[in-house]
Each structure stands twice: as structure tokens, then as C-alpha cells.
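Taking it in order: structure first as C-alpha cells, then the write-up.
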Amino acid sequence: MKNRAIRIVACILVLTALLIVSGSAADTYGITSFSDVAADYWGYDTIMDMTERGLFKGTTEPINGVGTFSPEKTMTRAEFVTVAMRAVCPEEAGTIDTKGEQWWKGFYFLALETGILKAGELDNGDLSQPMSREEMAMVMVRCVEIIGELLSERVEISRISDYYTISVYYRDYVRDCFSFGLLCGVDEAGTFAPAKALTRAEVATVLNRLLDKSARVNVEIEIEVEAEDSVVPEEEIEEDEKLPWEEAGAKQPGDYTWEDYLALPDEEKDSFFESFESVDAFDKWLNKVNGGSTSGGSTAGDSSDIQSGIAGNKKPEDYSWEEYLALPDEQKDAFFESFGSTEAFDEWLEKARGEAGEYPWENGEKQPKDYTWEEYLALPDEQKDAFFESFESLEEFDKWLTKNQP
């Protein structure tokens, strides 16, 4: 959008001022304390600080200065996006009208315009659901980038003990969150718990780390190793705890065919991926089973082939946009994972769409302003961003959304 860069710069300038001069929003909201946040509560100082900065207003109207915060209450996507935008764009967020059922709408549009969110994310803007920790990581990394911070190095994946349980789309964001010191996991082993919903107290803590670098955690995660005498001998492990390739004499992951992999239960696919020494090693296996003959007899022409019948050993990065769209839906995830990172996939996506040259509305077809809500939802996720950006301003997109969204 034309005003997007200007708005981002404005957000940075206002945020800088906010970091220098502590706000007095708590006085504006009439809050002096919360009846359900005792002075010895673990998050007391952070909650009060974030309230003073104007990020939180409490969950009830204050009486004689005393309100309620509901620290253990699950936070919805709408609530999280709201406080995040108050943190990085306080001036613009402060002018948003919060009346009506969709009180969060203005914050959502501001997040879209500044790039904190992309069209199609969070289930196409369904903000009624609880905010998960992996979704939070995505938003927080973009908030840090808007502030102007850059990473000098990233923590090792091994420091996040449940890294491969994180949805592929969010993995790099979670890793960056750890690297920025915004997160340290839910235990000493660095467990992230990606699907866990956020509480209001936890959100206050993370936002405090965003605004105050001194509050950030040391990214070094100490993982204790059990003493040798406490390790259970392999022969004592119950048979049903072993993975297929851990059985004596069983076929190893590197020798699996694509059909062997697809036949694995979903909960074993992450372990299959982890069994490879590196992403490169997994990619080599993926290219082998999907590019040519395998020990299982699969060839490039088989229906299970990720290349969907395209001849030869063409690598995913050499696919055209049309070839990608022709893949069955169940193969698009594997295609995405083959890139190893979101950045690499995004580079391919920009190149492939550029070669395709046009979106549907750039070929003399129906223009975005004439789309119905159903037609918008039918667009591939990767086209929803371009759809949003095709409008000249946030106000124009807002008019279309108000007219068409059920």
C-alpha cells in the first residue's frame, strides 16, 4: 500500500518516544490496582507497567481505582493483536474506535497495513479464537522488526526441544523469538508448547520484553543430561515406544520410499524428519524419492510424486507457478518443507509469481473491489496478500470488507 512505509516510520518514531517517557494511561483508565493481582504475584510488576503504558485496560470497569485483570484468562487473537498494536503503534492505536461487536477491527486493519499480519493469516482474520504461542511468535518477531532490530545470529534449533512439533509456517518465527530473547520456553529444556493458548499475564510479560531490552532472557538454554546410571538401557525400553526404524534390522529412514513415508502415522512423521542429521540430508532424501527411481520402484510419473508427473529431476526451486498450482493439496506441504526455511520459500514464491506475470485481476478479469467474500476465500493463501495490496488505501479495503464480509 502507498502509505504503508510512512505508517511504519511513524510507528517507530512514536514507539521511541514511548520508550523514553513512561505513559500515564493507567490514570486515564482510572486504574490504580487490580483486585486479582496481588503484590506477590509473579507477574505483578510487568502487568502494572504494561497497564501504565496503556496496553491493557483490565477486564472490568474500575471502582475507586480498583479493577480486575484476569491474569490467567486465555487471550483471544483479537485481544492479542490489539495490545500488540498499542505497543508498536501507540498513537494510531489510540485513535481507533473500539465500539461495537467488532471492536478489534481497526487494530486488525492497522496490523495488515504495517505488515504485522498478512491477509489470510489467522484463519483469514478469524480473531475470535485463542491466540496460540506459535501465532504469538510470528507477530512478536514482526513487531521487533518494525522497531528496527535485526538478528546477528540465531539460536541452534536443538535449543528448542519440541521444535519439530511447531507448524512449519511458524518455525522460523519461533526460532527468532528465542534468538531475540523474547521467549525461553515453558521449562528448562526449552520446550515451546506451540499450540498452547496464551494467558493475559504471559502476554504482558512478552510485551514487556519487547519494549524493555533489559527484561529479555538469556538465549542460552541449559539442558541437563541425565546421569549415566539413570539412563534406561535400550533393551528395557518397551517395544511399543520404539519407532519403526529403531527395531533391530528395520529399514532406515534414508532407505524409505515416498509411499513408506506417507504410510507413517502423522505423529511419527516429525520423528522421521528428525532422524536425519540435517535439513540438507532430509532434502537429499526428498529429492531422491520424488525425483527419480527409488528402491520401492517409485518414479517421477507416480501419482504420489511431489512433482505431479513432471518429467526429470526438477528441483522445487525450479518449479513454475503453474506447476506448483497443479500439485495436489496434500503435496503442497511437502513442497513448502523442501525449502528448509520460510525465507527460501518466499524467495521462490516472489520469483515464480513474477514469472507468471499476473494475478487473476491483472488479466482483464474481475477486479478485487468487485469480488465477493466467497471469491476472496477461494483465492490461494499466497494470493491474498496481493489482493489486499491491490487496494489504494486501507480505507478502500475497509469499505470492501464491510460490504462483503458476512
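By order in the C-alpha cells, chains are A, B, ...; within a chain, residues start at 1; ligands start at 1, following the order shown.
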
(request) Find the residues near Glu79 in chain A: any atom within 12 Å, counting only C-alpha atoms, skip ones fewer than 5 places away on the same chain, and give them as a list in words. (result) Leu55, Phe56, Lys57, Gly58, Thr59, Lys73, Thr74, Ala84, Met85, Arg86, Thr98, Gln102, Trp103, Trp104, Lys105, Phe107, Tyr108, Leu127, Ser128, Gln129, Pro130, Met131, Met136, Leu198, Thr199, Arg200, Val203 and Ala204 of chain A

Write out, as a CSV table (one decimal), in the first residue's frame, the residues just selected, with N, CA, C and O atoms.
```csv
chain,number,residue,atom,x,y,z
A,55,LEU,N,-1.3,-0.5,27.4
A,55,LEU,CA,-1.5,-1.6,26.6
A,55,LEU,C,-2.7,-2.4,27.1
A,55,LEU,O,-3.4,-3.0,26.2
A,56,PHE,N,-3.0,-2.5,28.4
A,56,PHE,CA,-4.1,-3.2,28.9
A,56,PHE,C,-5.0,-2.2,29.7
A,56,PHE,O,-4.6,-1.2,30.2
A,57,LYS,N,-6.3,-2.6,29.6
A,57,LYS,CA,-7.3,-1.7,30.4
A,57,LYS,C,-8.0,-2.5,31.5
A,57,LYS,O,-8.9,-2.0,32.2
A,58,GLY,N,-7.7,-3.8,31.6
A,58,GLY,CA,-8.4,-4.6,32.6
A,58,GLY,C,-9.6,-5.2,32.0
A,58,GLY,O,-10.0,-4.9,30.9
A,59,THR,N,-10.3,-6.1,32.8
A,59,THR,CA,-11.4,-6.9,32.2
A,59,THR,C,-12.7,-6.4,32.8
A,59,THR,O,-13.8,-6.9,32.4
A,73,LYS,N,-6.6,-15.7,32.5
A,73,LYS,CA,-7.6,-15.8,31.4
A,73,LYS,C,-6.9,-16.0,30.0
A,73,LYS,O,-5.9,-15.3,29.7
A,74,THR,N,-7.4,-16.9,29.2
A,74,THR,CA,-6.9,-17.1,27.9
A,74,THR,C,-7.2,-15.9,27.0
A,74,THR,O,-8.2,-15.2,27.1
A,84,ALA,N,-0.7,-5.7,20.9
A,84,ALA,CA,0.5,-5.7,20.1
A,84,ALA,C,0.6,-4.3,19.4
A,84,ALA,O,1.6,-3.7,19.3
A,85,MET,N,-0.6,-3.9,18.8
A,85,MET,CA,-0.6,-2.7,18.0
A,85,MET,C,-0.5,-1.5,19.0
A,85,MET,O,0.1,-0.5,18.6
A,86,ARG,N,-1.0,-1.6,20.2
A,86,ARG,CA,-0.8,-0.5,21.1
A,86,ARG,C,0.6,-0.4,21.5
A,86,ARG,O,1.1,0.7,21.8
A,98,THR,N,-13.4,1.7,19.4
A,98,THR,CA,-13.5,0.3,19.9
A,98,THR,C,-14.9,-0.1,20.2
A,98,THR,O,-15.2,-1.0,21.0
A,102,GLN,N,-17.4,-5.8,16.6
A,102,GLN,CA,-16.1,-6.0,16.0
A,102,GLN,C,-15.2,-4.8,16.4
A,102,GLN,O,-14.5,-4.1,15.6
A,103,TRP,N,-15.1,-4.6,17.8
A,103,TRP,CA,-14.3,-3.5,18.3
A,103,TRP,C,-12.8,-3.6,17.9
A,103,TRP,O,-12.1,-2.6,17.9
A,104,TRP,N,-12.4,-4.8,17.6
A,104,TRP,CA,-11.0,-5.1,17.3
A,104,TRP,C,-10.6,-4.8,15.8
A,104,TRP,O,-9.4,-4.8,15.4
A,105,LYS,N,-11.6,-4.5,15.0
A,105,LYS,CA,-11.4,-4.4,13.5
A,105,LYS,C,-10.3,-3.3,13.1
A,105,LYS,O,-9.5,-3.6,12.3
A,107,PHE,N,-7.8,-2.4,14.8
A,107,PHE,CA,-6.4,-2.9,15.2
A,107,PHE,C,-6.0,-3.9,14.2
A,107,PHE,O,-4.8,-3.9,13.8
A,108,TYR,N,-6.9,-4.7,13.7
A,108,TYR,CA,-6.6,-5.7,12.7
A,108,TYR,C,-6.1,-5.1,11.4
A,108,TYR,O,-5.1,-5.5,10.8
A,127,LEU,N,-10.4,-13.7,14.4
A,127,LEU,CA,-9.8,-13.3,15.6
A,127,LEU,C,-10.5,-13.7,16.8
A,127,LEU,O,-10.2,-13.3,18.0
A,128,SER,N,-11.5,-14.5,16.7
A,128,SER,CA,-12.3,-15.0,17.9
A,128,SER,C,-11.7,-16.1,18.6
A,128,SER,O,-12.0,-16.4,19.8
A,129,GLN,N,-10.7,-16.8,18.0
A,129,GLN,CA,-10.1,-18.0,18.6
A,129,GLN,C,-9.0,-17.6,19.5
A,129,GLN,O,-8.4,-16.5,19.5
A,130,PRO,N,-8.6,-18.5,20.5
A,130,PRO,CA,-7.5,-18.2,21.4
A,130,PRO,C,-6.2,-18.0,20.6
A,130,PRO,O,-6.0,-18.7,19.5
A,131,MET,N,-5.3,-17.2,21.0
A,131,MET,CA,-4.0,-16.9,20.4
A,131,MET,C,-3.1,-18.0,20.8
A,131,MET,O,-2.8,-18.2,22.0
A,136,MET,N,1.6,-16.2,18.3
A,136,MET,CA,2.2,-15.1,19.0
A,136,MET,C,3.7,-14.8,18.5
A,136,MET,O,4.1,-13.7,18.4
A,198,LEU,N,-2.3,-18.6,25.0
A,198,LEU,CA,-1.7,-17.6,25.9
A,198,LEU,C,-2.6,-17.1,27.0
A,198,LEU,O,-3.8,-16.9,26.7
A,199,THR,N,-2.0,-16.8,28.1
A,199,THR,CA,-2.8,-16.1,29.2
A,199,THR,C,-2.4,-14.6,29.1
A,199,THR,O,-1.4,-14.2,28.6
A,200,ARG,N,-3.3,-13.8,29.8
A,200,ARG,CA,-3.0,-12.3,29.8
A,200,ARG,C,-1.7,-12.0,30.5
A,200,ARG,O,-1.0,-11.1,30.1
A,203,VAL,N,1.2,-12.7,28.1
A,203,VAL,CA,1.3,-11.7,27.1
A,203,VAL,C,1.9,-10.4,27.6
A,203,VAL,O,2.8,-9.8,27.0
A,204,ALA,N,1.5,-10.0,28.8
A,204,ALA,CA,2.1,-8.8,29.5
A,204,ALA,C,3.6,-9.0,29.6
A,204,ALA,O,4.4,-8.1,29.3
```

(request) Run DSSP on the backbone and grab whatever in range 5-199 of chain A lands in helix (DSSP H, G or I); send it over as a ChimeraX atom specification. (result) /A:5-20,25-29,44-52,77-88,90-93,105-114,121-125,133-147,157-159,163-165,168-180

(message) Here is a test: counting only C-alpha atoms, which residue of A:Ser179, A:Thr60, A:Asn287, A:Ser271 is nearest to Glu156 in chain A?
(response) A:Ser179

(request) Go ahead and compute the interatomic distance for CA of Tyr169 in chain A and CA of Asp385 in chain A, in Å to one decimal. (result)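 Computing it gives 15.6 Å between the two atoms.
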
(request) Using DSSP on the backbone coordinates, identify the residues of range 4-153 of chain A assigned to strand (DSSP E); present them as a PyMOL selection string. (result) chain A and resi 33-34+66-67

N, CA and C atoms of the current selection, written as a PDB file, in the first residue's frame:
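Result went into result.pdb, see below:
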```
ATOM      1  N   SER A  33      -5.007  -0.205  40.798  1.00  0.00           N
ATOM      2  CA  SER A  33      -4.600  -1.575  41.147  1.00  0.00           C
ATOM      3  C   SER A  33      -5.637  -2.555  40.631  1.00  0.00           C
ATOM      4  N   PHE A  34      -5.272  -3.851  40.690  1.00  0.00           N
ATOM      5  CA  PHE A  34      -6.186  -4.916  40.290  1.00  0.00           C
ATOM      6  C   PHE A  34      -6.446  -5.824  41.487  1.00  0.00           C
ATOM      7  N   VAL A  66      -9.909   0.512  41.468  1.00  0.00           N
ATOM      8  CA  VAL A  66      -9.577  -0.913  41.544  1.00  0.00           C
ATOM      9  C   VAL A  66     -10.365  -1.675  40.485  1.00  0.00           C
ATOM     10  N   GLY A  67      -9.654  -2.386  39.621  1.00  0.00           N
ATOM     11  CA  GLY A  67     -10.292  -3.182  38.578  1.00  0.00           C
ATOM     12  C   GLY A  67      -9.897  -4.634  38.691  1.00  0.00           C
TER      13      GLY A  67
END
```

(request) Grab the CA of Leu117 in chain A to CA of Tyr359 in chain A distance for me, in Å with one decimal place. (result) 21.0 Å

(request) Fewer than 4 positions away in the same chain doesn't count, so skip those; otherwise give me all residues within 8 Å of Ala137 in chain A, counting only C-alpha atoms, as a PyMOL selection string. (result) chain A and resi 133+141+170+173-174+177

Given the selection you just returned, output its residues as a file containing N, CA and C atoms, formatted as a PDB file, in the first residue's frame.
```pdb
ATOM      1  N   ARG A 133       0.711 -19.953  21.052  1.00  0.00           N
ATOM      2  CA  ARG A 133       2.076 -19.462  21.257  1.00  0.00           C
ATOM      3  C   ARG A 133       2.841 -19.350  19.937  1.00  0.00           C
ATOM      4  N   VAL A 141       7.875 -11.335  16.346  1.00  0.00           N
ATOM      5  CA  VAL A 141       9.059 -11.133  15.511  1.00  0.00           C
ATOM      6  C   VAL A 141       8.850  -9.950  14.575  1.00  0.00           C
ATOM      7  N   TYR A 170       5.425 -21.521  11.116  1.00  0.00           N
ATOM      8  CA  TYR A 170       5.827 -20.683  12.243  1.00  0.00           C
ATOM      9  C   TYR A 170       7.215 -20.989  12.787  1.00  0.00           C
ATOM     10  N   TYR A 173       9.829 -18.194  12.875  1.00  0.00           N
ATOM     11  CA  TYR A 173       9.422 -17.125  13.792  1.00  0.00           C
ATOM     12  C   TYR A 173       9.709 -17.514  15.247  1.00  0.00           C
ATOM     13  N   VAL A 174       9.426 -18.761  15.596  1.00  0.00           N
ATOM     14  CA  VAL A 174       9.686 -19.218  16.965  1.00  0.00           C
ATOM     15  C   VAL A 174      11.179 -19.168  17.248  1.00  0.00           C
ATOM     16  N   CYS A 177      12.203 -15.676  17.831  1.00  0.00           N
ATOM     17  CA  CYS A 177      11.742 -15.187  19.128  1.00  0.00           C
ATOM     18  C   CYS A 177      12.707 -15.599  20.232  1.00  0.00           C
TER      19      CYS A 177
END
```

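Excluding Tyr371 in chain A itself and same-chain residues fewer than 2 positions from it, the residues having an atom within 12 Å of it are Pro360, Trp361, Glu365, Lys366, Gln367, Pro368, Lys369, Trp373, Glu374, Glu375, Tyr376, Leu377, Ala378, Leu379, Phe387, Phe388, Phe397, Trp400, Leu401, Lys403, Asn404 and Gln405 of chain A, counting only C-alpha atoms.
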
(request) Name the closest residue to Arg216 in chain A among the candidates A:Val88, A:Ile47, A:Leu183, A:Ala189; distances are taken between atoms, counting only C-alpha atoms. (result)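 Of A:Val88, A:Ile47, A:Leu183, A:Ala189, the one nearest Arg216 in chain A is A:Leu183, counting only C-alpha atoms.
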
(request) Tell me which protein, DNA and RNA residues are within 8 Å of Ser338 in chain A, counting only C-alpha atoms, leaving out same-chain ones fewer than 2 positions away, and put them as a ChimeraX atom specification. (result) /A:283,286,316,334-336,340

(message) Using Å and a single decimal, report how far CA of Asp398 in chain A sits from CA of Cys89 in chain A.
(response)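 Between CA of Cys89 in chain A and CA of Asp398 in chain A the gap is 19.0 Å.
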
(request) Find the residue from A:Asp318, A:Glu145, A:Glu92, A:Asp370 that sits nearest to Gly115 in chain A; use only C-alpha atoms when measuring. (result)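 Closest to Gly115 in chain A of all the choices is A:Glu145.
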
Which residues of range 63-182 of chain A sit at most 6 Å from range 190-196 of chain A, using only C-alpha atoms? Give each one's shortest atom pair and distance in Å (one decimal place), in chain and ascending residue order, as JSON lines.
```
{"residue": "A:Ser132", "atom": "CA", "partner": "A:Ala195", "partner_atom": "CA", "distance": 5.3}
{"residue": "A:Arg133", "atom": "CA", "partner": "A:Pro194", "partner_atom": "CA", "distance": 5.1}
{"residue": "A:Glu134", "atom": "CA", "partner": "A:Pro194", "partner_atom": "CA", "distance": 4.8}
{"residue": "A:Ile160", "atom": "CA", "partner": "A:Gly190", "partner_atom": "CA", "distance": 4.9}
{"residue": "A:Ser161", "atom": "CA", "partner": "A:Thr191", "partner_atom": "CA", "distance": 5.1}
{"residue": "A:Asp162", "atom": "CA", "partner": "A:Thr191", "partner_atom": "CA", "distance": 5.6}
{"residue": "A:Ile166", "atom": "CA", "partner": "A:Pro194", "partner_atom": "CA", "distance": 5.6}
```

Output the selection as a CSV table (one decimal), in the first residue's frame - all heavy atoms for each residue.
```csv
chain,number,residue,atom,x,y,z
A,132,SER,N,-2.5,-18.8,19.9
A,132,SER,CA,-1.6,-19.8,20.3
A,132,SER,C,-0.2,-19.2,20.4
A,132,SER,O,0.1,-18.1,19.9
A,132,SER,CB,-1.6,-20.9,19.2
A,132,SER,OG,-1.0,-20.5,18.0
A,133,ARG,N,0.7,-20.0,21.1
A,133,ARG,CA,2.1,-19.5,21.3
A,133,ARG,C,2.8,-19.3,19.9
A,133,ARG,O,3.6,-18.4,19.8
A,133,ARG,CB,2.8,-20.4,22.2
A,133,ARG,CG,2.3,-20.2,23.7
A,133,ARG,CD,2.9,-21.3,24.6
A,133,ARG,NE,4.4,-21.3,24.6
A,133,ARG,CZ,5.2,-20.5,25.3
A,133,ARG,NH1,4.6,-19.6,26.0
A,133,ARG,NH2,6.5,-20.7,25.3
A,134,GLU,N,2.6,-20.3,19.0
A,134,GLU,CA,3.3,-20.2,17.7
A,134,GLU,C,2.8,-19.0,16.9
A,134,GLU,O,3.6,-18.3,16.2
A,134,GLU,CB,3.2,-21.5,16.9
A,134,GLU,CG,1.8,-21.9,16.5
A,134,GLU,CD,1.8,-23.2,15.7
A,134,GLU,OE1,2.9,-23.9,15.7
A,134,GLU,OE2,0.8,-23.6,15.2
A,160,ILE,N,15.5,-25.6,21.2
A,160,ILE,CA,14.0,-25.7,21.3
A,160,ILE,C,13.6,-27.1,21.2
A,160,ILE,O,13.6,-27.7,20.2
A,160,ILE,CB,13.3,-24.9,20.2
A,160,ILE,CG1,13.9,-23.4,20.2
A,160,ILE,CG2,11.8,-24.8,20.4
A,160,ILE,CD1,13.5,-22.6,18.9
A,161,SER,N,13.4,-27.7,22.4
A,161,SER,CA,13.3,-29.2,22.5
A,161,SER,C,12.2,-29.8,21.6
A,161,SER,O,12.2,-30.9,21.2
A,161,SER,CB,13.2,-29.7,23.9
A,161,SER,OG,12.0,-29.1,24.5
A,162,ASP,N,11.1,-29.1,21.4
A,162,ASP,CA,10.0,-29.6,20.7
A,162,ASP,C,9.8,-28.8,19.3
A,162,ASP,O,8.7,-28.7,18.8
A,162,ASP,CB,8.6,-29.5,21.5
A,162,ASP,CG,8.3,-28.1,21.9
A,162,ASP,OD1,9.2,-27.2,21.9
A,162,ASP,OD2,7.2,-27.8,22.4
A,166,ILE,N,6.3,-27.8,16.0
A,166,ILE,CA,5.8,-26.5,15.6
A,166,ILE,C,5.4,-26.5,14.2
A,166,ILE,O,6.0,-27.1,13.3
A,166,ILE,CB,6.9,-25.4,15.8
A,166,ILE,CG1,7.4,-25.3,17.3
A,166,ILE,CG2,6.4,-24.0,15.3
A,166,ILE,CD1,8.7,-24.6,17.5
```

(message) Could you check the closest approach to Phe109 in chain A for each of A:Leu394, A:Val289, A:Val168, A:Met75 and tell me which residue wins, using only C-alpha atoms?
(response) A:Leu394
